[in-house]
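Asks: Would you mind keeping the following structure in view while I ask a few things?
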Amino acid sequence: MKTHEQALGEKMRHFEKLCREQGVPLTVQRRAILETLALREDHPTADQVFEDVAGRLPGLSRTTVYRALETLVGMGVIHKASHLGSAARYDPNTGRHHHLTCISCHKVIDVEEGIVQRVQLPKAQAKGFEVMDYSVHFKGYCPDCLRKGRRVTGTARA
Ligand SMILES: [Zn+2]
Ligand SMILES: [Zn+2]
């Protein structure tokens with residue numbers, strides 16, 4: 001079993017490698033943002049990333065965080081998921097994978113590709129379109145919300 005520190009170290013080295021390969025300078029702000037994303041598995045929004053990082057970097061502006069996130073997305077260092085709710089969520093997992101979204105607390109959980117590997121667009125519907133990528137989005141209630149009985153009060157707006 002990997003410890004939490006080892007897992008974080010691995011993710012940061014992976015980010016650093018991607019930044020080097022893409023020629024993205026790793027500023028203090030970008031590093032702090034990547035660290036926050038590496039630590040969180042809940043696919044935070046830009047505002048959540050800002051709240052996390054602002055505590056460590058006084059004077060940091062929301063705009064800087066928004067811009068840094070977009071830069072990192074553009075370089076393929078992180079992914080942006082826009083289909084998970086009203087606000088875009090940022091994802092440190094850049095491999096192909098799928099998502100489980102809780103419609104009550106809006107938690108987003110990764111699903112590794114294996115279990116939904118065989119999704120295929122029927123030929124008749126593809127109409128000559130060559131599919132390069134896809135993702136499957138499962139919606140429902142997370143175990144925490146089910147335990148708290150939040151099933152009925154959940155807003156299904158996601
Ligand atoms: Zn939930
Ligand atoms: Zn994800």
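Please note that chains go A, B, ... in the order of the structure tokens, that every chain numbers its residues from 1, and that ligands are numbered from 1 in the order shown.
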Could you please extract the residues within 7 Å of ligand 2, counting only C-alpha atoms and all ligand atoms, and hand them back as an MDAnalysis selection string?

Replies: chainID A and resid 43 91 93 97:99 109:110

Asks: Generate a file of the selected residues that holds C-alpha atoms, formatted as a PDB file, in the first residue's frame.

Replies:
ATOM      1  CA  HIS A  43     -13.027  17.402  -8.594  1.00  0.00           C
ATOM      2  CA  ASP A  91      -9.726  16.888 -12.516  1.00  0.00           C
ATOM      3  CA  ASN A  93      -6.802  12.452 -13.424  1.00  0.00           C
ATOM      4  CA  HIS A  97     -12.032   7.510 -16.999  1.00  0.00           C
ATOM      5  CA  HIS A  98     -15.659   7.991 -16.088  1.00  0.00           C
ATOM      6  CA  HIS A  99     -17.539   9.701 -13.272  1.00  0.00           C
ATOM      7  CA  ILE A 109     -16.007  10.071  -7.898  1.00  0.00           C
ATOM      8  CA  ASP A 110     -13.713   8.590 -10.542  1.00  0.00           C
TER       9      ASP A 110
END

Asks: Using only C-alpha atoms and all ligand atoms, which residues have at least one atom no more than 10 Å from ligand 1? Output them as a PDB file with N, CA, C and O atoms, in the first residue's frame.

Replies:
ATOM      1  N   THR A 101     -21.551  10.909 -10.161  1.00  0.00           N
ATOM      2  CA  THR A 101     -21.861  12.185  -9.519  1.00  0.00           C
ATOM      3  C   THR A 101     -23.018  11.995  -8.556  1.00  0.00           C
ATOM      4  O   THR A 101     -24.040  11.417  -8.924  1.00  0.00           O
ATOM      5  N   CYS A 102     -22.850  12.506  -7.340  1.00  0.00           N
ATOM      6  CA  CYS A 102     -23.944  12.451  -6.377  1.00  0.00           C
ATOM      7  C   CYS A 102     -24.847  13.646  -6.628  1.00  0.00           C
ATOM      8  O   CYS A 102     -24.399  14.791  -6.624  1.00  0.00           O
ATOM      9  N   ILE A 103     -26.134  13.408  -6.862  1.00  0.00           N
ATOM     10  CA  ILE A 103     -27.035  14.500  -7.187  1.00  0.00           C
ATOM     11  C   ILE A 103     -27.497  15.227  -5.929  1.00  0.00           C
ATOM     12  O   ILE A 103     -28.180  16.232  -6.013  1.00  0.00           O
ATOM     13  N   SER A 104     -27.085  14.747  -4.748  1.00  0.00           N
ATOM     14  CA  SER A 104     -27.448  15.450  -3.529  1.00  0.00           C
ATOM     15  C   SER A 104     -26.313  16.365  -3.071  1.00  0.00           C
ATOM     16  O   SER A 104     -26.506  17.560  -2.891  1.00  0.00           O
ATOM     17  N   CYS A 105     -25.083  15.833  -2.921  1.00  0.00           N
ATOM     18  CA  CYS A 105     -23.983  16.666  -2.412  1.00  0.00           C
ATOM     19  C   CYS A 105     -23.009  17.080  -3.518  1.00  0.00           C
ATOM     20  O   CYS A 105     -22.034  17.769  -3.259  1.00  0.00           O
ATOM     21  N   HIS A 106     -23.241  16.652  -4.733  1.00  0.00           N
ATOM     22  CA  HIS A 106     -22.431  17.009  -5.901  1.00  0.00           C
ATOM     23  C   HIS A 106     -21.010  16.482  -5.859  1.00  0.00           C
ATOM     24  O   HIS A 106     -20.127  16.996  -6.538  1.00  0.00           O
ATOM     25  N   LYS A 107     -20.787  15.496  -5.013  1.00  0.00           N
ATOM     26  CA  LYS A 107     -19.487  14.843  -4.979  1.00  0.00           C
ATOM     27  C   LYS A 107     -19.271  14.131  -6.320  1.00  0.00           C
ATOM     28  O   LYS A 107     -20.217  13.604  -6.907  1.00  0.00           O
ATOM     29  N   VAL A 108     -18.032  14.146  -6.808  1.00  0.00           N
ATOM     30  CA  VAL A 108     -17.716  13.463  -8.069  1.00  0.00           C
ATOM     31  C   VAL A 108     -16.652  12.414  -7.801  1.00  0.00           C
ATOM     32  O   VAL A 108     -15.605  12.715  -7.225  1.00  0.00           O
ATOM     33  N   GLY A 140     -26.360   9.636  -9.271  1.00  0.00           N
ATOM     34  CA  GLY A 140     -27.081   8.902  -8.249  1.00  0.00           C
ATOM     35  C   GLY A 140     -26.793   9.480  -6.880  1.00  0.00           C
ATOM     36  O   GLY A 140     -26.504  10.679  -6.755  1.00  0.00           O
ATOM     37  N   TYR A 141     -26.858   8.641  -5.838  1.00  0.00           N
ATOM     38  CA  TYR A 141     -26.618   9.086  -4.477  1.00  0.00           C
ATOM     39  C   TYR A 141     -25.404   8.385  -3.917  1.00  0.00           C
ATOM     40  O   TYR A 141     -25.279   7.169  -4.045  1.00  0.00           O
ATOM     41  N   CYS A 142     -24.497   9.150  -3.296  1.00  0.00           N
ATOM     42  CA  CYS A 142     -23.291   8.558  -2.721  1.00  0.00           C
ATOM     43  C   CYS A 142     -23.659   7.868  -1.399  1.00  0.00           C
ATOM     44  O   CYS A 142     -24.703   8.158  -0.809  1.00  0.00           O
ATOM     45  N   PRO A 143     -22.799   6.959  -0.916  1.00  0.00           N
ATOM     46  CA  PRO A 143     -23.116   6.241   0.327  1.00  0.00           C
ATOM     47  C   PRO A 143     -23.346   7.179   1.514  1.00  0.00           C
ATOM     48  O   PRO A 143     -24.226   6.934   2.335  1.00  0.00           O
ATOM     49  N   ASP A 144     -22.583   8.295   1.585  1.00  0.00           N
ATOM     50  CA  ASP A 144     -22.760   9.250   2.687  1.00  0.00           C
ATOM     51  C   ASP A 144     -24.172   9.830   2.693  1.00  0.00           C
ATOM     52  O   ASP A 144     -24.821   9.905   3.741  1.00  0.00           O
ATOM     53  N   CYS A 145     -24.629  10.232   1.515  1.00  0.00           N
ATOM     54  CA  CYS A 145     -25.960  10.835   1.431  1.00  0.00           C
ATOM     55  C   CYS A 145     -27.045   9.802   1.713  1.00  0.00           C
ATOM     56  O   CYS A 145     -28.038  10.103   2.365  1.00  0.00           O
ATOM     57  N   LEU A 146     -26.843   8.581   1.246  1.00  0.00           N
ATOM     58  CA  LEU A 146     -27.835   7.529   1.487  1.00  0.00           C
ATOM     59  C   LEU A 146     -27.944   7.248   2.981  1.00  0.00           C
ATOM     60  O   LEU A 146     -29.031   7.088   3.522  1.00  0.00           O
ATOM     61  N   ARG A 147     -26.756   7.228   3.656  1.00  0.00           N
ATOM     62  CA  ARG A 147     -26.744   6.958   5.091  1.00  0.00           C
ATOM     63  C   ARG A 147     -27.480   8.050   5.857  1.00  0.00           C
ATOM     64  O   ARG A 147     -28.175   7.790   6.810  1.00  0.00           O
ATOM     65  N   LYS A 148     -27.294   9.307   5.394  1.00  0.00           N
ATOM     66  CA  LYS A 148     -27.939  10.434   6.071  1.00  0.00           C
ATOM     67  C   LYS A 148     -29.386  10.591   5.629  1.00  0.00           C
ATOM     68  O   LYS A 148     -30.059  11.545   6.006  1.00  0.00           O
ATOM     69  N   ARG A 150     -30.488  11.448   2.725  1.00  0.00           N
ATOM     70  CA  ARG A 150     -30.684  12.664   1.943  1.00  0.00           C
ATOM     71  C   ARG A 150     -31.233  12.386   0.553  1.00  0.00           C
ATOM     72  O   ARG A 150     -31.291  13.264  -0.279  1.00  0.00           O
ATOM     73  N   ARG A 151     -31.668  11.178   0.345  1.00  0.00           N
ATOM     74  CA  ARG A 151     -32.163  10.769  -0.950  1.00  0.00           C
ATOM     75  C   ARG A 151     -33.341  11.626  -1.432  1.00  0.00           C
ATOM     76  O   ARG A 151     -33.385  12.063  -2.563  1.00  0.00           O
ATOM     77  N   GLY A 154     -32.556  15.547  -1.981  1.00  0.00           N
ATOM     78  CA  GLY A 154     -31.553  15.898  -2.979  1.00  0.00           C
ATOM     79  C   GLY A 154     -32.158  16.645  -4.160  1.00  0.00           C
ATOM     80  O   GLY A 154     -33.217  16.306  -4.654  1.00  0.00           O
TER      81      GLY A 154
END

Asks: Extract, using only C-alpha atoms, all DNA, RNA and protein residues at most 10 Å from Thr36 (chain A), discarding same-chain residues fewer than 4 positions from it, and format them as a PyMOL selection string.

Replies: chain A and resi 8+30-32+40-41+44+48-50+52-53+92

Asks: Grab the residues selected above and save them as a tab-separated table (two decimals), in the first residue's frame with C-alpha atoms.

Replies:
chain	number	residue	atom	x	y	z
A	8	LEU	CA	1.04	12.90	-3.53
A	30	ARG	CA	0.72	26.92	-10.42
A	31	ARG	CA	2.56	24.58	-8.11
A	32	ALA	CA	0.19	25.37	-5.23
A	40	ARG	CA	-8.31	16.47	-3.58
A	41	GLU	CA	-10.25	13.69	-5.21
A	44	PRO	CA	-13.17	20.91	-7.13
A	48	GLN	CA	-12.94	25.72	-4.30
A	49	VAL	CA	-9.37	25.64	-5.61
A	50	PHE	CA	-9.07	29.37	-4.91
A	52	ASP	CA	-7.83	26.20	-0.73
A	53	VAL	CA	-4.82	27.96	-2.23
A	92	PRO	CA	-6.13	15.82	-11.81

Asks: According to DSSP computed on the backbone, where in chain A is there alpha helix (DSSP H)? Give the residues as JSON, numbers by chain.

Replies: {"A": [4, 5, 6, 7, 8, 9, 10, 11, 12, 13, 14, 15, 16, 17, 18, 19, 20, 21, 22, 28, 29, 30, 31, 32, 33, 34, 35, 36, 37, 38, 39, 46, 47, 48, 49, 50, 51, 52, 53, 54, 62, 63, 64, 65, 66, 67, 68, 69, 70, 71, 72, 73, 74, 123, 124, 125, 126, 143, 144, 145, 146, 147]}

Asks: Enumerate, as an mmCIF file with C-alpha atoms, in the first residue's frame, the complete set of residues in region 63-126 of chain A that a backbone-based DSSP assignment places in strand (DSSP E or B).

Replies:
data_model
loop_
_atom_site.group_PDB
_atom_site.id
_atom_site.type_symbol
_atom_site.label_atom_id
_atom_site.label_comp_id
_atom_site.auth_asym_id
_atom_site.auth_seq_id
_atom_site.Cartn_x
_atom_site.Cartn_y
_atom_site.Cartn_z
ATOM 1 C CA HIS A 79 -8.686 17.993 -17.205
ATOM 2 C CA LYS A 80 -11.757 20.160 -17.057
ATOM 3 C CA ALA A 81 -15.117 18.458 -16.768
ATOM 4 C CA ARG A 89 -14.841 20.973 -12.206
ATOM 5 C CA TYR A 90 -11.119 20.387 -12.401
ATOM 6 C CA ASP A 91 -9.726 16.888 -12.516
ATOM 7 C CA HIS A 97 -12.032 7.510 -16.999
ATOM 8 C CA HIS A 98 -15.659 7.991 -16.088
ATOM 9 C CA HIS A 99 -17.539 9.701 -13.272
ATOM 10 C CA LEU A 100 -20.111 8.996 -10.613
ATOM 11 C CA THR A 101 -21.861 12.185 -9.519
ATOM 12 C CA CYS A 102 -23.944 12.451 -6.377
ATOM 13 C CA VAL A 108 -17.716 13.463 -8.069
ATOM 14 C CA ILE A 109 -16.007 10.071 -7.898
ATOM 15 C CA ASP A 110 -13.713 8.590 -10.542
ATOM 16 C CA VAL A 111 -14.558 5.293 -12.210
ATOM 17 C CA GLU A 112 -11.621 3.649 -13.908
#

Asks: If you count only C-alpha atoms, which residues fall within 10 Å of Leu34 (chain A), apart from same-chain ones fewer than 6 positions away, as a list of chain:residue names?

Replies: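 So, after excluding close chain neighbours, the residues are A:Lys11, A:Met12, A:Phe15, A:Glu16, A:Leu26, A:Val28, A:Arg40, A:Val49, A:Val53, A:Ala68, A:Leu69, A:Leu72, A:Val77, A:Ile78, A:Pro92.
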
Asks: Distance CA of Leu37 (chain A)-CA of Phe138 (chain A), one decimal place?

Replies: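 Interatomic distance, CA of Leu37 (chain A) to CA of Phe138 (chain A): 22.0 Å.
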
Asks: Measuring between only C-alpha atoms, which one of A:Pro122, A:Gly76, A:Gly149, A:Gly95 shows the shortest distance to Lys17 (chain A)?

Replies: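 Closest residue, counting only C-alpha atoms: A:Gly76.
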
Asks: Quick one: pull the distance between CA of Leu60 (chain A) and CA of Ile33 (chain A), Å, one decimal.

Replies: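 Interatomic distance, CA of Leu60 (chain A) to CA of Ile33 (chain A): 11.2 Å.
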
Asks: Could you check which of A:Asp133, A:Glu10, A:Glu70, A:Glu113 is closest to Leu39 (chain A), using only C-alpha atoms?

Replies: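 Of A:Asp133, A:Glu10, A:Glu70, A:Glu113, the one nearest Leu39 (chain A) is A:Glu10, counting only C-alpha atoms.
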
Asks: May I ask for the distance between CA of Tyr66 (chain A) and CA of His14 (chain A), given in Å to one decimal place?

Replies: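 According to the coordinates, CA of Tyr66 (chain A) and CA of His14 (chain A) are separated by 21.6 Å.
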